[in-house]
$ cat query-v8.cif   # mmCIF, C-alpha atoms
data_run
#
loop_
_atom_site.label_atom_id
_atom_site.label_comp_id
_atom_site.auth_asym_id
_atom_site.auth_seq_id
_atom_site.Cartn_x
_atom_site.Cartn_y
_atom_site.Cartn_z
CA MET U 1455 -26.42 3.72 5.92
CA LYS U 1456 -24.00 4.44 8.77
CA LYS U 1457 -21.78 1.56 7.65
CA ASP U 1458 -21.58 3.09 4.17
CA GLY U 1459 -20.62 6.51 5.46
CA TYR U 1460 -16.91 5.95 4.96
CA LYS U 1461 -17.58 4.97 1.33
CA ILE U 1462 -19.25 8.31 0.67
CA VAL U 1463 -16.30 10.07 2.29
CA ALA U 1464 -13.89 7.99 0.21
CA VAL U 1465 -15.60 8.89 -3.07
CA GLY U 1466 -15.68 12.57 -2.15
CA LEU U 1467 -11.99 12.61 -1.23
CA LEU U 1468 -10.98 10.69 -4.34
CA VAL U 1469 -12.88 13.10 -6.59
CA TYR U 1470 -11.18 15.98 -4.77
CA GLN U 1471 -7.81 14.24 -5.17
CA ILE U 1472 -8.20 13.75 -8.91
CA LEU U 1473 -9.51 17.24 -9.64
CA MET U 1474 -7.03 19.12 -7.48
CA GLY U 1475 -4.20 16.73 -8.33
CA LEU U 1476 -4.58 17.38 -12.03
CA LEU U 1477 -5.89 20.95 -12.09
CA GLY U 1478 -4.77 22.59 -8.84
CA GLU U 1479 -1.81 24.93 -8.58
CA VAL U 1480 1.55 23.45 -7.62
CA PRO U 1481 4.90 25.08 -6.79
CA ARG U 1482 7.33 25.41 -9.68
CA ARG U 1483 10.45 23.48 -8.71
CA GLU U 1484 13.55 22.92 -10.81
CA ILE U 1485 13.53 19.52 -12.58
CA LEU U 1486 10.25 18.45 -10.92
CA ASN U 1487 8.02 21.02 -12.63
CA GLU U 1488 4.53 19.53 -13.25
CA SER U 1489 5.70 16.04 -12.24
CA ILE U 1490 5.40 17.16 -8.62
CA ARG U 1491 1.69 16.31 -8.99
CA CYS U 1492 2.69 12.65 -8.68
CA VAL U 1493 3.03 13.19 -4.94
CA TYR U 1494 -0.78 13.27 -4.73
CA PHE U 1495 -1.06 9.80 -6.26
CA HIS U 1496 2.20 7.94 -5.70
CA VAL U 1497 2.80 8.60 -2.00
CA PRO U 1498 -0.79 7.94 -0.80
CA MET U 1499 -0.60 4.49 -2.36
CA TRP U 1500 2.32 3.59 -0.11
CA PHE U 1501 0.64 4.98 2.99
CA SER U 1502 -2.47 2.97 2.14
CA MET U 1503 -0.39 -0.12 1.46
CA ILE U 1504 1.15 0.07 4.93
CA ALA U 1505 -2.32 0.49 6.45
CA VAL U 1506 -3.77 -2.64 4.83
CA LEU U 1507 -0.58 -4.63 5.46
CA THR U 1508 -0.94 -3.76 9.14
CA ALA U 1509 -4.52 -5.03 9.05
CA SER U 1510 -3.37 -8.19 7.26
CA ALA U 1511 -0.71 -8.92 9.89
CA TYR U 1512 -3.24 -8.24 12.67
CA PHE U 1513 -5.69 -10.81 11.31
CA SER U 1514 -2.88 -13.32 10.84
CA VAL U 1515 -2.10 -12.98 14.54
CA ARG U 1516 -5.81 -13.42 15.33
CA TYR U 1517 -5.95 -16.53 13.18
CA LEU U 1518 -3.06 -18.10 15.09
CA GLN U 1519 -4.87 -17.31 18.33
CA LYS U 1520 -8.41 -18.40 17.40
CA SER U 1521 -8.08 -20.53 14.21
CA GLN U 1522 -11.14 -18.81 12.71
CA ILE U 1523 -11.29 -19.13 8.92
CA GLU U 1524 -12.77 -15.62 8.71
CA ASP U 1525 -9.54 -14.15 10.10
CA ASP U 1526 -7.47 -16.05 7.53
CA GLU U 1527 -9.69 -14.75 4.73
CA LYS U 1528 -9.33 -11.19 5.97
CA ALA U 1529 -5.55 -11.52 6.26
CA VAL U 1530 -5.12 -12.76 2.71
CA GLU U 1531 -7.49 -10.23 1.13
CA TYR U 1532 -5.87 -7.29 2.90
CA ALA U 1533 -2.52 -8.60 1.66
CA ASN U 1534 -3.90 -8.91 -1.90
CA VAL U 1535 -5.06 -5.29 -1.86
CA ALA U 1536 -1.66 -4.25 -0.50
CA ILE U 1537 0.05 -6.05 -3.38
CA LEU U 1538 -2.16 -4.18 -5.85
CA LEU U 1539 -1.29 -0.85 -4.23
CA GLY U 1540 2.39 -1.80 -4.24
CA VAL U 1541 2.33 -2.55 -7.96
CA LEU U 1542 0.54 0.73 -8.70
CA GLY U 1543 3.00 2.54 -6.42
CA CYS U 1544 5.95 1.06 -8.31
CA LEU U 1545 4.43 2.02 -11.68
CA THR U 1546 3.70 5.62 -10.68
CA GLY U 1547 7.09 5.85 -8.99
CA SER U 1548 8.86 4.60 -12.11
CA LEU U 1549 7.13 7.21 -14.25
CA TRP U 1550 8.06 9.92 -11.77
CA ALA U 1551 11.65 8.69 -11.55
CA SER U 1552 12.01 8.77 -15.33
CA VAL U 1553 11.30 12.52 -15.22
CA THR U 1554 13.18 13.55 -12.09
CA TRP U 1555 16.08 11.07 -12.07
CA GLY U 1556 16.31 10.19 -15.75
CA ASP U 1557 15.74 6.46 -15.23
CA PHE U 1558 12.66 4.31 -14.67
CA TRP U 1559 14.44 2.29 -11.97
CA PRO U 1560 17.73 3.83 -10.76
CA ASN U 1561 19.97 1.94 -8.37
CA ASP U 1562 18.42 3.42 -5.24
CA PRO U 1563 18.34 1.66 -1.82
CA LYS U 1564 14.68 2.45 -1.18
CA LEU U 1565 13.56 1.27 -4.60
CA ASN U 1566 15.54 -1.95 -4.21
CA SER U 1567 14.14 -2.46 -0.71
CA VAL U 1568 10.60 -2.04 -2.01
CA ALA U 1569 11.32 -4.59 -4.75
CA VAL U 1570 12.50 -7.11 -2.16
CA GLY U 1571 9.42 -6.43 -0.03
CA MET U 1572 7.08 -6.92 -2.97
CA LEU U 1573 8.77 -10.22 -3.82
CA MET U 1574 8.17 -11.38 -0.25
CA TYR U 1575 4.44 -10.76 -0.60
CA PHE U 1576 4.31 -12.36 -4.04
CA ALA U 1577 5.87 -15.38 -2.36
CA TYR U 1578 3.11 -15.21 0.27
CA SER U 1579 0.49 -15.63 -2.45
CA ILE U 1580 2.41 -18.52 -4.00
CA LEU U 1581 2.83 -20.17 -0.60
CA ARG U 1582 -0.91 -20.17 0.03
CA GLY U 1583 -1.53 -21.89 -3.28
CA SER U 1584 0.82 -24.75 -2.42
CA PHE U 1585 -1.38 -26.19 0.36
CA GLU U 1586 -4.71 -27.94 0.00
CA ASP U 1587 -5.40 -28.46 3.70
CA GLU U 1588 -7.25 -25.39 4.97
CA GLN U 1589 -5.87 -25.35 8.53
CA LYS U 1590 -2.30 -26.06 7.46
CA ARG U 1591 -2.46 -23.38 4.76
CA GLY U 1592 -3.88 -20.87 7.21
CA ARG U 1593 -1.35 -21.43 9.96
CA ILE U 1594 1.77 -21.56 7.79
CA SER U 1595 0.75 -18.54 5.70
CA ALA U 1596 -0.17 -16.62 8.86
CA VAL U 1597 3.31 -17.18 10.31
CA TYR U 1598 4.89 -16.16 7.01
CA ASN U 1599 2.68 -13.06 6.75
CA ILE U 1600 3.68 -11.87 10.22
CA PHE U 1601 7.34 -12.49 9.40
CA ALA U 1602 7.06 -10.65 6.07
CA PHE U 1603 5.44 -7.62 7.75
CA ALA U 1604 8.14 -7.55 10.45
CA VAL U 1605 10.80 -7.50 7.73
CA PHE U 1606 9.02 -5.16 5.31
CA ILE U 1607 8.64 -2.22 7.68
CA PRO U 1608 12.34 -1.78 8.57
CA LEU U 1609 13.25 -2.70 4.99
CA ILE U 1610 11.52 0.37 3.54
CA PHE U 1611 11.59 2.81 6.48
CA ILE U 1612 14.87 2.18 8.31
CA LEU U 1613 17.50 0.65 6.03
CA PRO U 1614 17.24 3.32 3.27
CA ARG U 1615 17.92 5.99 5.91
CA LEU U 1616 21.25 4.39 6.77
CA THR U 1617 22.76 5.06 3.36
CA ASP U 1618 22.55 7.52 0.47
CA SER U 1619 19.20 7.55 -1.28
CA LEU U 1620 17.56 9.66 -3.95
CA HIS U 1621 14.28 9.67 -2.04
CA PRO U 1622 13.46 12.74 0.09
CA GLY U 1623 13.95 12.17 3.81
CA ASN U 1624 16.53 9.41 3.30
CA GLY U 1625 20.31 9.34 3.30
CA GLY U 1626 20.65 12.95 4.42
CA ASN U 1627 18.18 14.34 1.87
CA PRO U 1628 15.62 16.79 3.23
CA ALA U 1629 12.11 15.45 3.73
CA PHE U 1630 9.74 16.14 0.85
CA SER U 1631 7.51 18.37 2.97
CA ASP U 1632 10.48 20.54 3.93
CA TYR U 1633 11.78 20.74 0.37
CA ASP U 1634 8.78 21.09 -1.90
CA MET U 1635 5.35 20.97 -0.31
CA ASN U 1636 3.57 24.19 0.48
CA SER U 1637 0.31 24.71 2.38
CA GLN U 1638 -1.74 24.37 -0.82
CA MET U 1639 -0.23 20.96 -1.57
CA ARG U 1640 -0.78 19.76 1.97
CA ARG U 1641 -4.49 20.57 1.65
CA VAL U 1642 -4.63 18.08 -1.23
CA PHE U 1643 -2.03 15.55 -0.10
CA TYR U 1644 -3.47 14.62 3.30
CA PRO U 1645 -7.06 14.16 2.07
CA SER U 1646 -5.60 12.04 -0.75
CA VAL U 1647 -3.94 9.73 1.78
CA VAL U 1648 -7.22 9.32 3.65
CA GLY U 1649 -9.23 8.81 0.46
CA VAL U 1650 -6.94 6.14 -1.00
CA SER U 1651 -6.74 4.37 2.37
CA LEU U 1652 -10.53 4.25 2.66
CA LEU U 1653 -10.74 2.94 -0.91
CA ALA U 1654 -8.22 0.22 -0.07
CA PHE U 1655 -10.26 -0.99 2.90
CA TRP U 1656 -13.44 -0.77 0.81
CA ILE U 1657 -11.95 -3.03 -1.88
CA ALA U 1658 -10.69 -5.45 0.76
CA GLU U 1659 -14.14 -5.56 2.38
CA LEU U 1660 -15.77 -6.43 -0.95
CA ARG U 1661 -13.24 -9.20 -1.60
CA ILE U 1662 -13.76 -10.59 1.90
CA ARG U 1663 -17.53 -10.68 1.41
CA LEU U 1664 -17.12 -12.42 -1.95
CA LYS U 1665 -14.81 -15.01 -0.42
CA LYS U 1666 -17.31 -15.62 2.38
CA VAL U 1667 -20.13 -16.12 -0.12
CA ALA U 1668 -18.00 -18.57 -2.11
CA ARG U 1669 -17.14 -20.50 1.07
CA VAL U 1670 -20.78 -20.75 2.17
CA LEU U 1671 -21.86 -21.93 -1.27
CA SER U 1672 -19.12 -24.57 -1.37
CA GLU U 1673 -20.16 -25.86 2.06
CA LYS U 1674 -23.76 -26.30 0.87
CA GLN U 1675 -22.75 -28.41 -2.11
#
$ encode --input "query-v8.cif" --output "structure tokens"
Amino acid sequence: MKKDGYKIVAVGLLVYQILMGLLGEVPRREILNESIRCVYFHVPMWFSMIAVLTASAYFSVRYLQKSQIEDDEKAVEYANVAILLGVLGCLTGSLWASVTWGDFWPNDPKLNSVAVGMLMYFAYSILRGSFEDEQKRGRISAVYNIFAFAVFIPLIFILPRLTDSLHPGNGGNPAFSDYDMNSQMRRVFYPSVVGVSLLAFWIAELRIRLKKVARVLSEKQ
């Protein structure tokens, strides 16, 4: 029961996120209007993506140190969940951009950096499928995963800040919290980040357990 405690917390926070995100009061801002509610759903996905990518890179390092297949399985499943969150983040961001910026994908440095980062992780999935040898696949993909993480973080957090960007907090724009968020929004936003992050780790845990079961069954055959 103690191990499932975080799942109960996750469900509670996600229900709170959905109800307050759709029905709660939000500040009336020019252009943004009701679309400001996207901050409760779009931004937490990116925070959660970074969290599971960090876990993925960590287990890739562990695999290189110990060569345990369990670490390789954890690394790839955390990366798979991160890719899912990245796709959902891009979709929600595109919808939000169409309202606030008048284009589903404007020529923005941060958007383009995210696209490059997502392509790197799509390539990670393709790379794993190109090897049949388990040890070779694990070691090469682990090295690539660590490299991709080391590139992805500055790509989305540092480079967009060095030039003009439409995103808040980049290129001289004020941070979103300084510009739009009030205390009411913060009471929904931060629990949303925690809830989506817990859900991401929950999904990854289920996928890891399924992969372990499939491996054990294949070894018995």
$ residues_around --input "query-v8.cif" --residues "Ala1464 (chain U)" --least-positions-apart "6" --cutoff "8 Å" --atoms "only C-alpha atoms" --output "number ranges by chain"
U: 1648-1650, 1652-1653
$ write_last_selection --input "query-v8.cif" --atoms "C-alpha atoms" --output "mmCIF file, keeping the file's coordinate frame"
data_model
loop_
_atom_site.group_PDB
_atom_site.id
_atom_site.type_symbol
_atom_site.label_atom_id
_atom_site.label_comp_id
_atom_site.auth_asym_id
_atom_site.auth_seq_id
_atom_site.Cartn_x
_atom_site.Cartn_y
_atom_site.Cartn_z
ATOM 1 C CA VAL U 1648 -7.220 9.320 3.650
ATOM 2 C CA GLY U 1649 -9.230 8.810 0.460
ATOM 3 C CA VAL U 1650 -6.940 6.140 -1.000
ATOM 4 C CA LEU U 1652 -10.530 4.250 2.660
ATOM 5 C CA LEU U 1653 -10.740 2.940 -0.910
#
$ closest_atom_pairs --input "query-v8.cif" --of "region 1516-1583 of chain U" --to "region 1587-1599 of chain U" --cutoff "9 Å" --atoms "only C-alpha atoms" --output "Markdown table"
| residue | atom | partner | partner_atom | distance |
| --- | --- | --- | --- | --- |
| U:Tyr1517 | CA | U:Ala1596 | CA | 7.2 |
| U:Leu1518 | CA | U:Arg1593 | CA | 6.4 |
| U:Ser1521 | CA | U:Gln1589 | CA | 7.8 |
| U:Ile1523 | CA | U:Gly1592 | CA | 7.8 |
| U:Asp1526 | CA | U:Gly1592 | CA | 6.0 |
| U:Glu1527 | CA | U:Gly1592 | CA | 8.8 |
| U:Ala1529 | CA | U:Ala1596 | CA | 7.9 |
| U:Val1530 | CA | U:Ser1595 | CA | 8.8 |
| U:Ala1533 | CA | U:Asn1599 | CA | 8.5 |
| U:Tyr1575 | CA | U:Asn1599 | CA | 7.9 |
| U:Tyr1578 | CA | U:Ser1595 | CA | 6.8 |
| U:Ser1579 | CA | U:Ser1595 | CA | 8.7 |
| U:Leu1581 | CA | U:Ser1595 | CA | 6.8 |
| U:Arg1582 | CA | U:Arg1591 | CA | 5.9 |
| U:Gly1583 | CA | U:Arg1591 | CA | 8.2 |
$ closest_atom_pairs --input "query-v8.cif" --of "region 1493-1588 of chain U" --to "region 1468-1484 of chain U" --cutoff "12 Å" --atoms "all atoms listed in the file" --output "JSON lines"
{"residue": "U:Val1493", "atom": "CA", "partner": "U:Gly1475", "partner_atom": "CA", "distance": 8.7}
{"residue": "U:Tyr1494", "atom": "CA", "partner": "U:Gly1475", "partner_atom": "CA", "distance": 6.1}
{"residue": "U:Phe1495", "atom": "CA", "partner": "U:Gly1475", "partner_atom": "CA", "distance": 7.9}
{"residue": "U:His1496", "atom": "CA", "partner": "U:Gly1475", "partner_atom": "CA", "distance": 11.2}
{"residue": "U:Pro1498", "atom": "CA", "partner": "U:Gln1471", "partner_atom": "CA", "distance": 10.4}
{"residue": "U:Val1553", "atom": "CA", "partner": "U:Glu1484", "partner_atom": "CA", "distance": 11.5}
{"residue": "U:Thr1554", "atom": "CA", "partner": "U:Glu1484", "partner_atom": "CA", "distance": 9.5}
$ residues_around --input "query-v8.cif" --residues "Lys1666 (chain U)" --least-positions-apart "4" --cutoff "10 Å" --atoms "all atoms listed in the file" --output "NGL selection string"
:U and (1523-1524 or 1527-1528 or 1660-1662 or 1670-1672)
$ closest_residue --input "query-v8.cif" --among "U:Tyr1532, U:Trp1656, U:Phe1601, U:Phe1606" --to "Asn1566 (chain U)" --atoms "all atoms listed in the file"
U:Phe1606
$ residues_around --input "query-v8.cif" --residues "Leu1545 (chain U)" --least-positions-apart "5" --cutoff "12 Å" --atoms "all atoms listed in the file" --output "compact mmCIF listing (two decimals) with C-alpha atoms, keeping the file's coordinate frame"
# COMPACT_ATOMS: atom_id res chain seq x y z
CA CYS U 1492 2.69 12.65 -8.68
CA PHE U 1495 -1.06 9.80 -6.26
CA HIS U 1496 2.20 7.94 -5.70
CA VAL U 1497 2.80 8.60 -2.00
CA MET U 1499 -0.60 4.49 -2.36
CA TRP U 1500 2.32 3.59 -0.11
CA LEU U 1538 -2.16 -4.18 -5.85
CA LEU U 1539 -1.29 -0.85 -4.23
CA GLY U 1540 2.39 -1.80 -4.24
CA TRP U 1550 8.06 9.92 -11.77
CA ALA U 1551 11.65 8.69 -11.55
CA SER U 1552 12.01 8.77 -15.33
CA PHE U 1558 12.66 4.31 -14.67
CA TRP U 1559 14.44 2.29 -11.97
CA LEU U 1565 13.56 1.27 -4.60
CA ALA U 1569 11.32 -4.59 -4.75
$ atom_distance --input "query-v8.cif" --atom1 "CA of Ile1612 (chain U)" --atom2 "CA of Ser1514 (chain U)"
23.7 Å
$ atom_distance --input "query-v8.cif" --atom1 "CA of Asp1458 (chain U)" --atom2 "CA of Phe1655 (chain U)"
12.1 Å
$ atom_distance --input "query-v8.cif" --atom1 "CA of Met1574 (chain U)" --atom2 "CA of Tyr1512 (chain U)"
17.5 Å
$ closest_residue --input "query-v8.cif" --among "U:Val1647, U:Ile1610, U:Val1465, U:Ala1511" --to "Pro1563 (chain U)" --atoms "only C-alpha atoms"
U:Ile1610
$ closest_residue --input "query-v8.cif" --among "U:Ala1536, U:Leu1467, U:Ala1577, U:Gly1459" --to "Arg1641 (chain U)" --atoms "all atoms listed in the file"
U:Leu1467
$ axis_aligned_box --input "query-v8.cif" --around "region 1600-1611 of chain U" --padding-each-side "6 Å" --output "lines of an AutoDock Vina configuration file"
center_x = 8.5
center_y = -4.8
center_z = 7.0
size_x = 21.6
size_y = 27.3
size_z = 18.9
$ closest_residue --input "query-v8.cif" --among "U:Ile1607, U:Ile1490, U:Ala1505, U:Met1639" --to "Gly1547 (chain U)" --atoms "all atoms listed in the file"
U:Ile1490
$ decode --input "query-v8.cif" --residues "region 1457-1494 of chain U" --atoms "N, CA and C atoms" --output "mmCIF file, in the first residue's frame"
data_model
loop_
_atom_site.group_PDB
_atom_site.id
_atom_site.type_symbol
_atom_site.label_atom_id
_atom_site.label_comp_id
_atom_site.auth_asym_id
_atom_site.auth_seq_id
_atom_site.Cartn_x
_atom_site.Cartn_y
_atom_site.Cartn_z
ATOM 1 N N LYS U 1457 3.765 1.626 -1.329
ATOM 2 C CA LYS U 1457 4.336 1.844 -2.652
ATOM 3 C C LYS U 1457 3.345 2.492 -3.599
ATOM 4 N N ASP U 1458 2.054 2.295 -3.343
ATOM 5 C CA ASP U 1458 1.016 2.863 -4.202
ATOM 6 C C ASP U 1458 0.566 4.242 -3.740
ATOM 7 N N GLY U 1459 1.165 4.735 -2.677
ATOM 8 C CA GLY U 1459 0.748 6.034 -2.153
ATOM 9 C C GLY U 1459 0.896 7.153 -3.161
ATOM 10 N N TYR U 1460 1.986 7.139 -3.922
ATOM 11 C CA TYR U 1460 2.203 8.227 -4.874
ATOM 12 C C TYR U 1460 1.179 8.177 -6.005
ATOM 13 N N LYS U 1461 0.631 6.971 -6.277
ATOM 14 C CA LYS U 1461 -0.386 6.850 -7.323
ATOM 15 C C LYS U 1461 -1.681 7.515 -6.879
ATOM 16 N N ILE U 1462 -2.019 7.345 -5.609
ATOM 17 C CA ILE U 1462 -3.214 7.992 -5.074
ATOM 18 C C ILE U 1462 -3.051 9.504 -5.114
ATOM 19 N N VAL U 1463 -1.863 9.969 -4.743
ATOM 20 C CA VAL U 1463 -1.579 11.412 -4.799
ATOM 21 C C VAL U 1463 -1.675 11.909 -6.231
ATOM 22 N N ALA U 1464 -1.123 11.134 -7.173
ATOM 23 C CA ALA U 1464 -1.145 11.524 -8.583
ATOM 24 C C ALA U 1464 -2.569 11.679 -9.094
ATOM 25 N N VAL U 1465 -3.418 10.702 -8.789
ATOM 26 C CA VAL U 1465 -4.811 10.764 -9.242
ATOM 27 C C VAL U 1465 -5.516 11.974 -8.646
ATOM 28 N N GLY U 1466 -5.303 12.209 -7.357
ATOM 29 C CA GLY U 1466 -5.926 13.362 -6.715
ATOM 30 C C GLY U 1466 -5.493 14.675 -7.334
ATOM 31 N N LEU U 1467 -4.199 14.806 -7.599
ATOM 32 C CA LEU U 1467 -3.682 16.048 -8.191
ATOM 33 C C LEU U 1467 -4.156 16.228 -9.622
ATOM 34 N N LEU U 1468 -4.255 15.129 -10.369
ATOM 35 C CA LEU U 1468 -4.706 15.226 -11.755
ATOM 36 C C LEU U 1468 -6.181 15.608 -11.832
ATOM 37 N N VAL U 1469 -6.994 15.066 -10.924
ATOM 38 C CA VAL U 1469 -8.404 15.460 -10.874
ATOM 39 C C VAL U 1469 -8.508 16.948 -10.534
ATOM 40 N N TYR U 1470 -7.711 17.379 -9.577
ATOM 41 C CA TYR U 1470 -7.683 18.800 -9.190
ATOM 42 C C TYR U 1470 -7.243 19.658 -10.370
ATOM 43 N N GLN U 1471 -6.223 19.194 -11.099
ATOM 44 C CA GLN U 1471 -5.720 19.923 -12.260
ATOM 45 C C GLN U 1471 -6.800 20.106 -13.318
ATOM 46 N N ILE U 1472 -7.497 19.030 -13.630
ATOM 47 C CA ILE U 1472 -8.516 19.090 -14.682
ATOM 48 C C ILE U 1472 -9.687 19.987 -14.270
ATOM 49 N N LEU U 1473 -10.168 19.803 -13.057
ATOM 50 C CA LEU U 1473 -11.321 20.587 -12.605
ATOM 51 C C LEU U 1473 -10.982 22.067 -12.517
ATOM 52 N N MET U 1474 -9.888 22.389 -11.832
ATOM 53 C CA MET U 1474 -9.518 23.789 -11.664
ATOM 54 C C MET U 1474 -8.997 24.397 -12.970
ATOM 55 N N GLY U 1475 -8.334 23.548 -13.775
ATOM 56 C CA GLY U 1475 -7.819 24.048 -15.046
ATOM 57 C C GLY U 1475 -8.917 24.443 -16.010
ATOM 58 N N LEU U 1476 -10.028 23.737 -15.959
ATOM 59 C CA LEU U 1476 -11.131 24.025 -16.865
ATOM 60 C C LEU U 1476 -12.185 24.948 -16.269
ATOM 61 N N LEU U 1477 -12.361 24.883 -14.947
ATOM 62 C CA LEU U 1477 -13.460 25.625 -14.319
ATOM 63 C C LEU U 1477 -13.015 26.753 -13.402
ATOM 64 N N GLY U 1478 -11.757 26.738 -12.955
ATOM 65 C CA GLY U 1478 -11.289 27.760 -12.026
ATOM 66 C C GLY U 1478 -11.173 29.133 -12.666
ATOM 67 N N GLU U 1479 -11.119 30.143 -11.831
ATOM 68 C CA GLU U 1479 -10.974 31.509 -12.332
ATOM 69 C C GLU U 1479 -9.544 31.751 -12.801
ATOM 70 N N VAL U 1480 -9.410 32.526 -13.862
ATOM 71 C CA VAL U 1480 -8.094 32.893 -14.393
ATOM 72 C C VAL U 1480 -8.079 34.390 -14.676
ATOM 73 N N PRO U 1481 -6.907 35.015 -14.640
ATOM 74 C CA PRO U 1481 -6.841 36.454 -14.921
ATOM 75 C C PRO U 1481 -7.170 36.732 -16.381
ATOM 76 N N ARG U 1482 -7.826 37.836 -16.627
ATOM 77 C CA ARG U 1482 -8.184 38.236 -17.985
ATOM 78 C C ARG U 1482 -7.039 39.054 -18.571
ATOM 79 N N ARG U 1483 -6.315 38.467 -19.507
ATOM 80 C CA ARG U 1483 -5.185 39.130 -20.135
ATOM 81 C C ARG U 1483 -5.493 39.365 -21.607
ATOM 82 N N GLU U 1484 -5.011 40.484 -22.116
ATOM 83 C CA GLU U 1484 -5.210 40.801 -23.527
ATOM 84 C C GLU U 1484 -4.595 39.710 -24.405
ATOM 85 N N ILE U 1485 -5.312 39.322 -25.427
ATOM 86 C CA ILE U 1485 -4.932 38.288 -26.409
ATOM 87 C C ILE U 1485 -5.074 36.893 -25.811
ATOM 88 N N LEU U 1486 -4.479 36.646 -24.621
ATOM 89 C CA LEU U 1486 -4.523 35.309 -24.032
ATOM 90 C C LEU U 1486 -5.947 34.887 -23.684
ATOM 91 N N ASN U 1487 -6.655 35.763 -22.962
ATOM 92 C CA ASN U 1487 -8.023 35.452 -22.533
ATOM 93 C C ASN U 1487 -8.099 34.061 -21.897
ATOM 94 N N GLU U 1488 -9.062 33.229 -22.326
ATOM 95 C CA GLU U 1488 -9.249 31.907 -21.719
ATOM 96 C C GLU U 1488 -8.131 30.933 -22.081
ATOM 97 N N SER U 1489 -7.373 31.241 -23.134
ATOM 98 C CA SER U 1489 -6.294 30.324 -23.536
ATOM 99 C C SER U 1489 -5.179 30.238 -22.496
ATOM 100 N N ILE U 1490 -5.199 31.145 -21.524
ATOM 101 C CA ILE U 1490 -4.190 31.104 -20.469
ATOM 102 C C ILE U 1490 -4.301 29.810 -19.656
ATOM 103 N N ARG U 1491 -5.453 29.148 -19.729
ATOM 104 C CA ARG U 1491 -5.628 27.872 -19.035
ATOM 105 C C ARG U 1491 -4.664 26.805 -19.543
ATOM 106 N N CYS U 1492 -4.148 26.983 -20.733
ATOM 107 C CA CYS U 1492 -3.196 26.011 -21.292
ATOM 108 C C CYS U 1492 -1.943 25.882 -20.435
ATOM 109 N N VAL U 1493 -1.645 26.905 -19.658
ATOM 110 C CA VAL U 1493 -0.449 26.843 -18.818
ATOM 111 C C VAL U 1493 -0.538 25.693 -17.818
ATOM 112 N N TYR U 1494 -1.756 25.321 -17.424
ATOM 113 C CA TYR U 1494 -1.936 24.223 -16.473
ATOM 114 C C TYR U 1494 -1.638 22.856 -17.094
#
